[in-house]
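Pasted below: query.txt, compact mmCIF, N, CA and C atoms.
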# COMPACT_ATOMS: atom_id res chain seq x y z
N MET A 1 7.30 25.80 -1.39
CA MET A 1 7.07 24.49 -0.81
C MET A 1 7.31 24.57 0.71
N SER A 2 6.50 23.84 1.45
CA SER A 2 6.58 23.91 2.90
C SER A 2 7.75 23.09 3.44
N ALA A 3 8.13 23.41 4.65
CA ALA A 3 9.20 22.66 5.31
C ALA A 3 8.79 21.21 5.50
N PHE A 4 7.50 20.98 5.80
CA PHE A 4 7.01 19.60 5.96
C PHE A 4 7.19 18.79 4.67
N VAL A 5 6.81 19.37 3.55
CA VAL A 5 6.93 18.66 2.27
C VAL A 5 8.39 18.37 1.97
N ASP A 6 9.27 19.33 2.23
CA ASP A 6 10.71 19.11 2.01
C ASP A 6 11.22 17.94 2.86
N LYS A 7 10.89 17.97 4.15
CA LYS A 7 11.35 16.91 5.06
C LYS A 7 10.68 15.58 4.70
N PHE A 8 9.40 15.62 4.34
CA PHE A 8 8.68 14.43 3.89
C PHE A 8 9.42 13.78 2.73
N ARG A 9 9.75 14.59 1.74
CA ARG A 9 10.46 14.06 0.56
C ARG A 9 11.83 13.51 0.92
N ASP A 10 12.51 14.14 1.87
CA ASP A 10 13.81 13.62 2.33
C ASP A 10 13.63 12.21 2.92
N VAL A 11 12.65 12.06 3.80
CA VAL A 11 12.42 10.77 4.46
C VAL A 11 11.93 9.74 3.46
N ALA A 12 10.93 10.10 2.67
CA ALA A 12 10.34 9.17 1.72
C ALA A 12 11.32 8.78 0.62
N GLY A 13 12.17 9.70 0.22
CA GLY A 13 13.09 9.46 -0.88
C GLY A 13 14.36 8.74 -0.50
N GLN A 14 14.54 8.38 0.76
CA GLN A 14 15.76 7.71 1.19
C GLN A 14 15.95 6.37 0.51
N ARG A 15 14.86 5.76 0.07
CA ARG A 15 14.95 4.48 -0.64
C ARG A 15 15.28 4.70 -2.11
N GLY A 16 15.32 5.96 -2.56
CA GLY A 16 15.67 6.25 -3.94
C GLY A 16 14.49 6.20 -4.90
N LEU A 17 13.30 5.94 -4.39
CA LEU A 17 12.13 5.83 -5.24
C LEU A 17 11.20 7.01 -4.99
N ARG A 18 10.57 7.48 -6.04
CA ARG A 18 9.52 8.50 -5.91
C ARG A 18 9.99 9.73 -5.12
N LYS A 19 11.20 10.16 -5.36
CA LYS A 19 11.78 11.26 -4.59
C LYS A 19 11.01 12.57 -4.71
N ASP A 20 10.33 12.77 -5.81
CA ASP A 20 9.63 14.03 -6.01
C ASP A 20 8.15 13.97 -5.66
N TRP A 21 7.67 12.85 -5.12
CA TRP A 21 6.26 12.74 -4.76
C TRP A 21 5.96 13.56 -3.51
N SER A 22 4.83 14.19 -3.50
CA SER A 22 4.35 14.94 -2.35
C SER A 22 3.56 14.01 -1.43
N PRO A 23 3.20 14.46 -0.23
CA PRO A 23 2.32 13.65 0.61
C PRO A 23 1.02 13.30 -0.12
N ALA A 24 0.45 14.25 -0.83
CA ALA A 24 -0.79 13.98 -1.58
C ALA A 24 -0.57 12.93 -2.67
N GLY A 25 0.62 12.93 -3.27
CA GLY A 25 0.94 11.93 -4.29
C GLY A 25 0.94 10.52 -3.72
N TYR A 26 1.48 10.38 -2.51
CA TYR A 26 1.47 9.06 -1.85
C TYR A 26 0.06 8.63 -1.49
N ILE A 27 -0.73 9.57 -0.98
CA ILE A 27 -2.12 9.22 -0.64
C ILE A 27 -2.89 8.84 -1.91
N ASP A 28 -2.69 9.59 -2.98
CA ASP A 28 -3.38 9.27 -4.24
C ASP A 28 -2.97 7.90 -4.77
N ALA A 29 -1.68 7.58 -4.71
CA ALA A 29 -1.19 6.28 -5.20
C ALA A 29 -1.74 5.15 -4.34
N TRP A 30 -1.77 5.33 -3.01
CA TRP A 30 -2.29 4.30 -2.10
C TRP A 30 -3.78 4.10 -2.35
N ARG A 31 -4.52 5.20 -2.48
CA ARG A 31 -5.96 5.13 -2.75
C ARG A 31 -6.23 4.43 -4.08
N SER A 32 -5.47 4.75 -5.10
CA SER A 32 -5.66 4.15 -6.42
C SER A 32 -5.40 2.64 -6.38
N PHE A 33 -4.35 2.24 -5.68
CA PHE A 33 -4.05 0.81 -5.55
C PHE A 33 -5.19 0.09 -4.82
N VAL A 34 -5.66 0.67 -3.73
CA VAL A 34 -6.73 0.04 -2.96
C VAL A 34 -8.00 -0.05 -3.81
N LEU A 35 -8.29 0.97 -4.58
CA LEU A 35 -9.44 0.92 -5.48
C LEU A 35 -9.28 -0.21 -6.49
N ASP A 36 -8.08 -0.35 -7.06
CA ASP A 36 -7.82 -1.47 -7.97
C ASP A 36 -8.08 -2.81 -7.29
N CYS A 37 -7.69 -2.93 -6.04
CA CYS A 37 -7.91 -4.17 -5.29
C CYS A 37 -9.39 -4.38 -5.00
N GLU A 38 -10.10 -3.31 -4.70
CA GLU A 38 -11.54 -3.42 -4.45
C GLU A 38 -12.28 -3.92 -5.69
N GLU A 39 -11.79 -3.54 -6.84
CA GLU A 39 -12.41 -3.96 -8.10
C GLU A 39 -11.92 -5.32 -8.56
N GLY A 40 -10.91 -5.86 -7.90
CA GLY A 40 -10.31 -7.13 -8.30
C GLY A 40 -9.00 -6.86 -9.02
N TYR A 41 -7.90 -6.85 -8.30
CA TYR A 41 -6.58 -6.48 -8.84
C TYR A 41 -6.28 -7.32 -10.09
N GLN A 42 -5.95 -6.66 -11.19
CA GLN A 42 -5.84 -7.32 -12.49
C GLN A 42 -4.42 -7.65 -12.93
N TRP A 43 -3.43 -7.37 -12.11
CA TRP A 43 -2.06 -7.61 -12.54
C TRP A 43 -1.42 -8.71 -11.71
N SER A 44 -0.16 -8.96 -11.93
CA SER A 44 0.52 -10.08 -11.28
C SER A 44 0.89 -9.77 -9.83
N ILE A 45 1.34 -10.80 -9.15
CA ILE A 45 1.80 -10.65 -7.76
C ILE A 45 2.99 -9.70 -7.69
N TYR A 46 3.78 -9.64 -8.74
CA TYR A 46 4.97 -8.79 -8.74
C TYR A 46 4.57 -7.31 -8.78
N GLU A 47 3.58 -6.97 -9.61
CA GLU A 47 3.07 -5.60 -9.62
C GLU A 47 2.36 -5.28 -8.30
N TYR A 48 1.61 -6.25 -7.80
CA TYR A 48 0.91 -6.08 -6.52
C TYR A 48 1.91 -5.74 -5.41
N GLU A 49 2.96 -6.54 -5.30
CA GLU A 49 3.96 -6.30 -4.26
C GLU A 49 4.71 -4.99 -4.48
N ASN A 50 4.96 -4.63 -5.73
CA ASN A 50 5.60 -3.35 -6.02
C ASN A 50 4.72 -2.20 -5.56
N GLU A 51 3.43 -2.30 -5.82
CA GLU A 51 2.52 -1.23 -5.40
C GLU A 51 2.37 -1.17 -3.89
N LEU A 52 2.53 -2.29 -3.20
CA LEU A 52 2.53 -2.27 -1.74
C LEU A 52 3.72 -1.46 -1.20
N GLY A 53 4.75 -1.31 -2.02
CA GLY A 53 5.91 -0.50 -1.63
C GLY A 53 5.53 0.93 -1.30
N VAL A 54 4.46 1.44 -1.90
CA VAL A 54 3.98 2.78 -1.55
C VAL A 54 3.60 2.82 -0.08
N ARG A 55 2.91 1.78 0.39
CA ARG A 55 2.50 1.74 1.80
C ARG A 55 3.71 1.58 2.71
N ASP A 56 4.74 0.87 2.23
CA ASP A 56 5.97 0.74 3.01
C ASP A 56 6.59 2.12 3.25
N VAL A 57 6.64 2.94 2.21
CA VAL A 57 7.20 4.29 2.36
C VAL A 57 6.31 5.14 3.26
N ILE A 58 5.01 5.01 3.11
CA ILE A 58 4.09 5.75 3.98
C ILE A 58 4.37 5.41 5.44
N GLU A 59 4.57 4.15 5.74
CA GLU A 59 4.86 3.75 7.12
C GLU A 59 6.16 4.37 7.61
N LYS A 60 7.14 4.40 6.74
CA LYS A 60 8.42 5.02 7.09
C LYS A 60 8.22 6.49 7.45
N VAL A 61 7.39 7.17 6.69
CA VAL A 61 7.09 8.58 6.95
C VAL A 61 6.31 8.74 8.25
N LEU A 62 5.29 7.91 8.44
CA LEU A 62 4.45 8.02 9.63
C LEU A 62 5.23 7.79 10.92
N THR A 63 6.29 7.02 10.86
CA THR A 63 7.06 6.68 12.05
C THR A 63 8.39 7.43 12.16
N ALA A 64 8.63 8.36 11.24
CA ALA A 64 9.90 9.11 11.26
C ALA A 64 9.87 10.16 12.36
N PRO A 65 10.76 10.05 13.33
CA PRO A 65 10.78 11.03 14.43
C PRO A 65 10.92 12.47 13.95
N GLU A 66 11.69 12.68 12.89
CA GLU A 66 11.91 14.05 12.43
C GLU A 66 10.67 14.68 11.81
N LEU A 67 9.66 13.89 11.49
CA LEU A 67 8.42 14.44 10.95
C LEU A 67 7.35 14.64 12.02
N SER A 68 7.56 14.05 13.19
CA SER A 68 6.53 14.11 14.24
C SER A 68 6.29 15.52 14.77
N VAL A 69 7.20 16.43 14.52
CA VAL A 69 7.05 17.81 15.01
C VAL A 69 6.16 18.67 14.12
N TYR A 70 5.81 18.17 12.95
CA TYR A 70 5.03 18.95 12.01
C TYR A 70 3.53 18.71 12.20
N PRO A 71 2.73 19.78 12.26
CA PRO A 71 1.28 19.60 12.40
C PRO A 71 0.62 18.96 11.18
N GLU A 72 1.29 18.95 10.06
CA GLU A 72 0.76 18.32 8.85
C GLU A 72 0.76 16.80 8.92
N LEU A 73 1.64 16.23 9.76
CA LEU A 73 1.74 14.76 9.81
C LEU A 73 0.44 14.11 10.27
N PRO A 74 -0.23 14.59 11.33
CA PRO A 74 -1.51 13.96 11.70
C PRO A 74 -2.58 14.07 10.60
N ILE A 75 -2.55 15.12 9.82
CA ILE A 75 -3.49 15.27 8.71
C ILE A 75 -3.20 14.21 7.66
N PHE A 76 -1.91 14.03 7.34
CA PHE A 76 -1.50 12.98 6.40
C PHE A 76 -1.91 11.61 6.95
N ALA A 77 -1.65 11.38 8.23
CA ALA A 77 -1.97 10.09 8.86
C ALA A 77 -3.46 9.80 8.80
N GLU A 78 -4.27 10.81 8.97
CA GLU A 78 -5.72 10.64 8.91
C GLU A 78 -6.17 10.20 7.52
N GLY A 79 -5.59 10.80 6.49
CA GLY A 79 -5.88 10.41 5.11
C GLY A 79 -5.48 8.97 4.83
N VAL A 80 -4.34 8.58 5.35
CA VAL A 80 -3.86 7.21 5.17
C VAL A 80 -4.76 6.23 5.92
N ALA A 81 -5.18 6.58 7.12
CA ALA A 81 -5.98 5.66 7.95
C ALA A 81 -7.28 5.27 7.27
N GLU A 82 -7.91 6.21 6.60
CA GLU A 82 -9.17 5.91 5.91
C GLU A 82 -8.93 4.87 4.81
N ILE A 83 -7.86 5.02 4.07
CA ILE A 83 -7.53 4.08 2.99
C ILE A 83 -7.09 2.74 3.59
N ASP A 84 -6.31 2.80 4.66
CA ASP A 84 -5.90 1.57 5.35
C ASP A 84 -7.10 0.74 5.79
N ASP A 85 -8.12 1.41 6.31
CA ASP A 85 -9.32 0.69 6.75
C ASP A 85 -9.97 -0.06 5.59
N ARG A 86 -10.04 0.58 4.45
CA ARG A 86 -10.63 -0.07 3.27
C ARG A 86 -9.78 -1.27 2.85
N PHE A 87 -8.45 -1.11 2.86
CA PHE A 87 -7.58 -2.21 2.44
C PHE A 87 -7.62 -3.36 3.45
N ALA A 88 -7.63 -3.03 4.73
CA ALA A 88 -7.71 -4.07 5.76
C ALA A 88 -8.98 -4.89 5.61
N SER A 89 -10.08 -4.25 5.22
CA SER A 89 -11.33 -4.98 4.98
C SER A 89 -11.17 -6.00 3.86
N LEU A 90 -10.45 -5.63 2.82
CA LEU A 90 -10.20 -6.56 1.72
C LEU A 90 -9.34 -7.74 2.16
N LEU A 91 -8.34 -7.44 2.97
CA LEU A 91 -7.42 -8.50 3.41
C LEU A 91 -8.11 -9.48 4.35
N ARG A 92 -9.09 -9.03 5.10
CA ARG A 92 -9.83 -9.95 5.98
C ARG A 92 -10.59 -11.00 5.19
N LEU A 93 -10.86 -10.72 3.92
CA LEU A 93 -11.56 -11.66 3.05
C LEU A 93 -10.63 -12.71 2.45
N GLY A 94 -9.33 -12.48 2.56
CA GLY A 94 -8.37 -13.33 1.87
C GLY A 94 -7.49 -14.15 2.79
N PRO A 95 -6.66 -14.96 2.18
CA PRO A 95 -5.78 -15.84 2.93
C PRO A 95 -4.53 -15.12 3.45
N SER A 96 -4.06 -15.58 4.58
CA SER A 96 -2.80 -15.11 5.13
C SER A 96 -1.68 -15.82 4.39
N VAL A 97 -0.66 -15.07 3.98
CA VAL A 97 0.44 -15.67 3.21
C VAL A 97 1.82 -15.43 3.83
N LEU A 98 1.90 -14.50 4.78
CA LEU A 98 3.18 -14.22 5.43
C LEU A 98 3.00 -14.25 6.95
N GLN A 99 4.12 -14.36 7.65
CA GLN A 99 4.11 -14.42 9.10
C GLN A 99 3.66 -13.10 9.72
N ASP A 100 3.26 -13.19 10.99
CA ASP A 100 2.79 -12.01 11.72
C ASP A 100 3.86 -10.93 11.86
N SER A 101 5.11 -11.27 11.67
CA SER A 101 6.18 -10.28 11.79
C SER A 101 6.21 -9.32 10.58
N ALA A 102 5.56 -9.70 9.50
CA ALA A 102 5.48 -8.82 8.32
C ALA A 102 4.48 -7.70 8.60
N PRO A 103 4.64 -6.56 7.97
CA PRO A 103 3.65 -5.49 8.13
C PRO A 103 2.26 -6.00 7.76
N TRP A 104 1.23 -5.49 8.41
CA TRP A 104 -0.12 -6.02 8.22
C TRP A 104 -0.55 -6.01 6.77
N TRP A 105 -0.13 -5.03 5.98
CA TRP A 105 -0.56 -4.92 4.58
C TRP A 105 0.12 -5.95 3.68
N HIS A 106 1.15 -6.61 4.17
CA HIS A 106 1.82 -7.67 3.41
C HIS A 106 1.37 -9.07 3.81
N ARG A 107 0.77 -9.23 4.97
CA ARG A 107 0.48 -10.56 5.53
C ARG A 107 -0.54 -11.37 4.76
N SER A 108 -1.51 -10.71 4.18
CA SER A 108 -2.60 -11.41 3.51
C SER A 108 -2.81 -10.87 2.11
N LEU A 109 -3.54 -11.62 1.32
CA LEU A 109 -3.96 -11.18 -0.01
C LEU A 109 -5.46 -10.91 0.03
N PRO A 110 -5.94 -10.05 -0.87
CA PRO A 110 -7.39 -9.87 -0.95
C PRO A 110 -8.06 -11.20 -1.29
N GLY A 111 -9.31 -11.36 -0.95
CA GLY A 111 -10.01 -12.61 -1.19
C GLY A 111 -10.36 -12.85 -2.65
N TYR A 112 -10.28 -11.82 -3.48
CA TYR A 112 -10.62 -11.95 -4.89
C TYR A 112 -9.69 -11.07 -5.71
N ALA A 113 -9.51 -11.45 -6.98
CA ALA A 113 -8.61 -10.72 -7.86
C ALA A 113 -8.84 -11.16 -9.30
N GLY A 114 -8.11 -10.53 -10.19
CA GLY A 114 -8.13 -10.91 -11.60
C GLY A 114 -7.30 -12.16 -11.83
N PRO A 115 -7.30 -12.66 -13.06
CA PRO A 115 -6.68 -13.96 -13.36
C PRO A 115 -5.18 -14.03 -13.06
N ASP A 116 -4.44 -12.96 -13.30
CA ASP A 116 -2.99 -13.02 -13.06
C ASP A 116 -2.67 -13.19 -11.58
N LEU A 117 -3.29 -12.39 -10.72
CA LEU A 117 -3.01 -12.50 -9.29
C LEU A 117 -3.55 -13.81 -8.73
N VAL A 118 -4.69 -14.25 -9.21
CA VAL A 118 -5.24 -15.55 -8.77
C VAL A 118 -4.26 -16.67 -9.09
N ALA A 119 -3.73 -16.67 -10.31
CA ALA A 119 -2.78 -17.72 -10.71
C ALA A 119 -1.48 -17.63 -9.91
N ASP A 120 -0.98 -16.41 -9.70
CA ASP A 120 0.26 -16.24 -8.94
C ASP A 120 0.07 -16.66 -7.48
N ALA A 121 -1.07 -16.32 -6.89
CA ALA A 121 -1.33 -16.70 -5.50
C ALA A 121 -1.34 -18.21 -5.35
N LYS A 122 -1.90 -18.88 -6.34
CA LYS A 122 -1.95 -20.35 -6.29
C LYS A 122 -0.56 -20.95 -6.46
N SER A 123 0.20 -20.45 -7.44
CA SER A 123 1.51 -21.06 -7.71
C SER A 123 2.57 -20.69 -6.68
N ILE A 124 2.52 -19.48 -6.14
CA ILE A 124 3.56 -19.03 -5.21
C ILE A 124 3.21 -19.36 -3.76
N TYR A 125 1.96 -19.13 -3.38
CA TYR A 125 1.57 -19.30 -1.97
C TYR A 125 0.66 -20.51 -1.73
N SER A 126 0.26 -21.20 -2.79
CA SER A 126 -0.66 -22.34 -2.68
C SER A 126 -1.97 -21.96 -2.00
N VAL A 127 -2.48 -20.79 -2.34
CA VAL A 127 -3.78 -20.33 -1.83
C VAL A 127 -4.68 -20.00 -3.00
N GLN A 128 -5.96 -20.11 -2.77
CA GLN A 128 -6.95 -19.84 -3.81
C GLN A 128 -7.67 -18.53 -3.53
N LEU A 129 -7.65 -17.64 -4.50
CA LEU A 129 -8.42 -16.41 -4.46
C LEU A 129 -9.61 -16.59 -5.41
N ARG A 130 -10.69 -15.89 -5.13
CA ARG A 130 -11.86 -15.94 -6.00
C ARG A 130 -11.57 -15.08 -7.24
N LEU A 131 -11.86 -15.61 -8.40
CA LEU A 131 -11.60 -14.92 -9.66
C LEU A 131 -12.70 -13.90 -9.95
N VAL A 132 -12.28 -12.68 -10.25
CA VAL A 132 -13.19 -11.62 -10.66
C VAL A 132 -12.91 -11.36 -12.13
N ASP A 133 -13.92 -11.51 -12.95
CA ASP A 133 -13.78 -11.22 -14.38
C ASP A 133 -14.21 -9.80 -14.66
N HIS A 134 -13.47 -9.14 -15.55
CA HIS A 134 -13.83 -7.78 -15.97
C HIS A 134 -14.12 -7.77 -17.43
Go through the file and emit its structure as structure tokens.
Amino acid sequence: MSAFVDKFRDVAGQRGLRKDWSPAGYIDAWRSFVLDCEEGYQWSIYEYENELGVRDVIEKVLTAPELSVYPELPIFAEGVAEIDDRFASLLRLGPSVLQDSAPWWHRSLPGYAGPDLVADAKSIYSVQLRLVDH
């Protein structure tokens, strides 16, 4: 295992979650979540927010000074940026639900989702998302 992966896991695992995930594991999880959102996220707001936690850890890694010395970090950042662009496009379609001080990926909801997220968005944030049936 590379020194970058070891240090990555140290930084990412400080929250006690997903300690054994590799950089590729985080990218895969982020990509999978965004794909679920593109298709109309089918679970509740609680699962949605839990899955956003992957992006929270990614941000922690991207901004960790101790990782900035590794040439692998820009490669990881490039992979994340492509997925971020796709997710940001979804959020532009939806309502803002948190203040600007929140990370950009938490501020808004996608414009459409499955019945659970649609219902939760209405009851918790008083916003309407378009229902996508599967």
Practice prompt. Figure out the distance between CA of Trp43 (chain A) and atom N of Leu62 (chain A), please, to one decimal in Å.
Written response: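 If I compute the distance from atom N of Leu62 (chain A) to CA of Trp43 (chain A), I get 27.1 Å.
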Discussion item. Using only C-alpha atoms for the distances, tell me which of A:Ser96, A:Asp6, A:Val80, A:Asp133 is nearest to Asp28 (chain A).
Written reply: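 Ranking A:Ser96, A:Asp6, A:Val80, A:Asp133 by distance to Asp28 (chain A), first place goes to A:Val80.
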Item to complete: Mind checking which residues fall within 9 Å of Ala88 (chain A), counting only C-alpha atoms, ignoring those fewer than 4 positions away in the same chain, and posting them as a PyMOL selection string?
Response: chain A and resi 83-84+92-93+104-105+110
Worksheet entry | Exercise: Leu117 (chain A) partners within 6 Å, all atoms listed in the file, chain neighbours under 4 positions left out, as JSON, numbers by chain | {"A": [41, 42, 43, 44, 45, 113, 121, 122]}
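Among the candidate residues A:Asp116, A:Arg55, A:Phe8, A:Val69, the one lying nearest to Ala29 (chain A) is A:Arg55, with distances computed using all atoms listed in the file.
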Item to complete: Rank nothing, just name the residue among A:Val118, A:Leu35, A:Ala3, A:Ala12 nearest to Thr63 (chain A), using only C-alpha atoms.
Response: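 Between A:Val118, A:Leu35, A:Ala3, A:Ala12, the residue approaching Thr63 (chain A) most closely is A:Ala12.
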Discussion item. Just want the 8 Å neighbourhood of Tyr26 (chain A), counted on all atoms listed in the file, with same-chain residues fewer than 4 positions away dropped. Output as a PyMOL selection string.
Written reply: chain A and resi 21-22+30-32+54-55+58+80
Worksheet item: Hey, can you check how far CA of Pro65 (chain A) sits from CA of Arg18 (chain A)?
Response: 20.5 Å
Worksheet entry | Among the residues A:Phe33, A:Pro23, A:Pro115, A:Glu38, the one that comes closest to Leu131 (chain A) [using all atoms listed in the file] |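 Of A:Phe33, A:Pro23, A:Pro115, A:Glu38, the one nearest Leu131 (chain A), counting all atoms listed in the file, is A:Pro115.
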Worksheet item: Pick from A:Phe76, A:Tyr125, A:Phe87, A:Tyr112: nearest to Ala24 (chain A), with only N, CA and C atoms counted?
Response: A:Phe76
Discussion item. Report as a ChimeraX atom specification all protein, DNA and RNA residues lying within 12 Å of Ala64 (chain A), evaluated on only C-alpha atoms, omitting residues in the same chain fewer than 6 positions from it.
Written reply: /A:7-12,14,57-58,70,73
Worksheet item: Restricting the calculation to only C-alpha atoms, which member of A:Glu82, A:Asp56, A:Gly114, A:Asp120 is positioned closest to Val132 (chain A)?
Response: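 Among the listed residues, A:Gly114 lies closest to Val132 (chain A).
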Fill in: Å distance separating CA of Phe4 (chain A) from atom C of Lys19 (chain A), one decimal place
13.4 Å
Can you complete the atoms of region 1-13 of chain A to N, CA, C and O atoms and list them as an mmCIF file, keeping the file's coordinate frame?
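The resulting part01.cif:
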data_model
loop_
_atom_site.group_PDB
_atom_site.id
_atom_site.type_symbol
_atom_site.label_atom_id
_atom_site.label_comp_id
_atom_site.auth_asym_id
_atom_site.auth_seq_id
_atom_site.Cartn_x
_atom_site.Cartn_y
_atom_site.Cartn_z
ATOM 1 N N MET A 1 7.300 25.800 -1.390
ATOM 2 C CA MET A 1 7.070 24.490 -0.810
ATOM 3 C C MET A 1 7.310 24.570 0.710
ATOM 4 O O MET A 1 8.195 25.250 1.173
ATOM 5 N N SER A 2 6.500 23.840 1.450
ATOM 6 C CA SER A 2 6.580 23.910 2.900
ATOM 7 C C SER A 2 7.750 23.090 3.440
ATOM 8 O O SER A 2 8.258 22.174 2.778
ATOM 9 N N ALA A 3 8.130 23.410 4.650
ATOM 10 C CA ALA A 3 9.200 22.660 5.310
ATOM 11 C C ALA A 3 8.790 21.210 5.500
ATOM 12 O O ALA A 3 9.619 20.296 5.385
ATOM 13 N N PHE A 4 7.500 20.980 5.800
ATOM 14 C CA PHE A 4 7.010 19.600 5.960
ATOM 15 C C PHE A 4 7.190 18.790 4.670
ATOM 16 O O PHE A 4 7.686 17.669 4.709
ATOM 17 N N VAL A 5 6.810 19.370 3.550
ATOM 18 C CA VAL A 5 6.930 18.660 2.270
ATOM 19 C C VAL A 5 8.390 18.370 1.970
ATOM 20 O O VAL A 5 8.748 17.271 1.521
ATOM 21 N N ASP A 6 9.270 19.330 2.230
ATOM 22 C CA ASP A 6 10.710 19.110 2.010
ATOM 23 C C ASP A 6 11.220 17.940 2.860
ATOM 24 O O ASP A 6 11.904 17.049 2.364
ATOM 25 N N LYS A 7 10.890 17.970 4.150
ATOM 26 C CA LYS A 7 11.350 16.910 5.060
ATOM 27 C C LYS A 7 10.680 15.580 4.700
ATOM 28 O O LYS A 7 11.314 14.524 4.733
ATOM 29 N N PHE A 8 9.400 15.620 4.340
ATOM 30 C CA PHE A 8 8.680 14.430 3.890
ATOM 31 C C PHE A 8 9.420 13.780 2.730
ATOM 32 O O PHE A 8 9.659 12.577 2.719
ATOM 33 N N ARG A 9 9.750 14.590 1.740
ATOM 34 C CA ARG A 9 10.460 14.060 0.560
ATOM 35 C C ARG A 9 11.830 13.510 0.920
ATOM 36 O O ARG A 9 12.274 12.512 0.346
ATOM 37 N N ASP A 10 12.510 14.140 1.870
ATOM 38 C CA ASP A 10 13.810 13.620 2.330
ATOM 39 C C ASP A 10 13.630 12.210 2.920
ATOM 40 O O ASP A 10 14.380 11.303 2.598
ATOM 41 N N VAL A 11 12.650 12.060 3.800
ATOM 42 C CA VAL A 11 12.420 10.770 4.460
ATOM 43 C C VAL A 11 11.930 9.740 3.460
ATOM 44 O O VAL A 11 12.437 8.622 3.384
ATOM 45 N N ALA A 12 10.930 10.100 2.670
ATOM 46 C CA ALA A 12 10.340 9.170 1.720
ATOM 47 C C ALA A 12 11.320 8.780 0.620
ATOM 48 O O ALA A 12 11.322 7.634 0.164
ATOM 49 N N GLY A 13 12.170 9.700 0.220
ATOM 50 C CA GLY A 13 13.090 9.460 -0.880
ATOM 51 C C GLY A 13 14.360 8.740 -0.500
ATOM 52 O O GLY A 13 15.194 8.470 -1.360
#
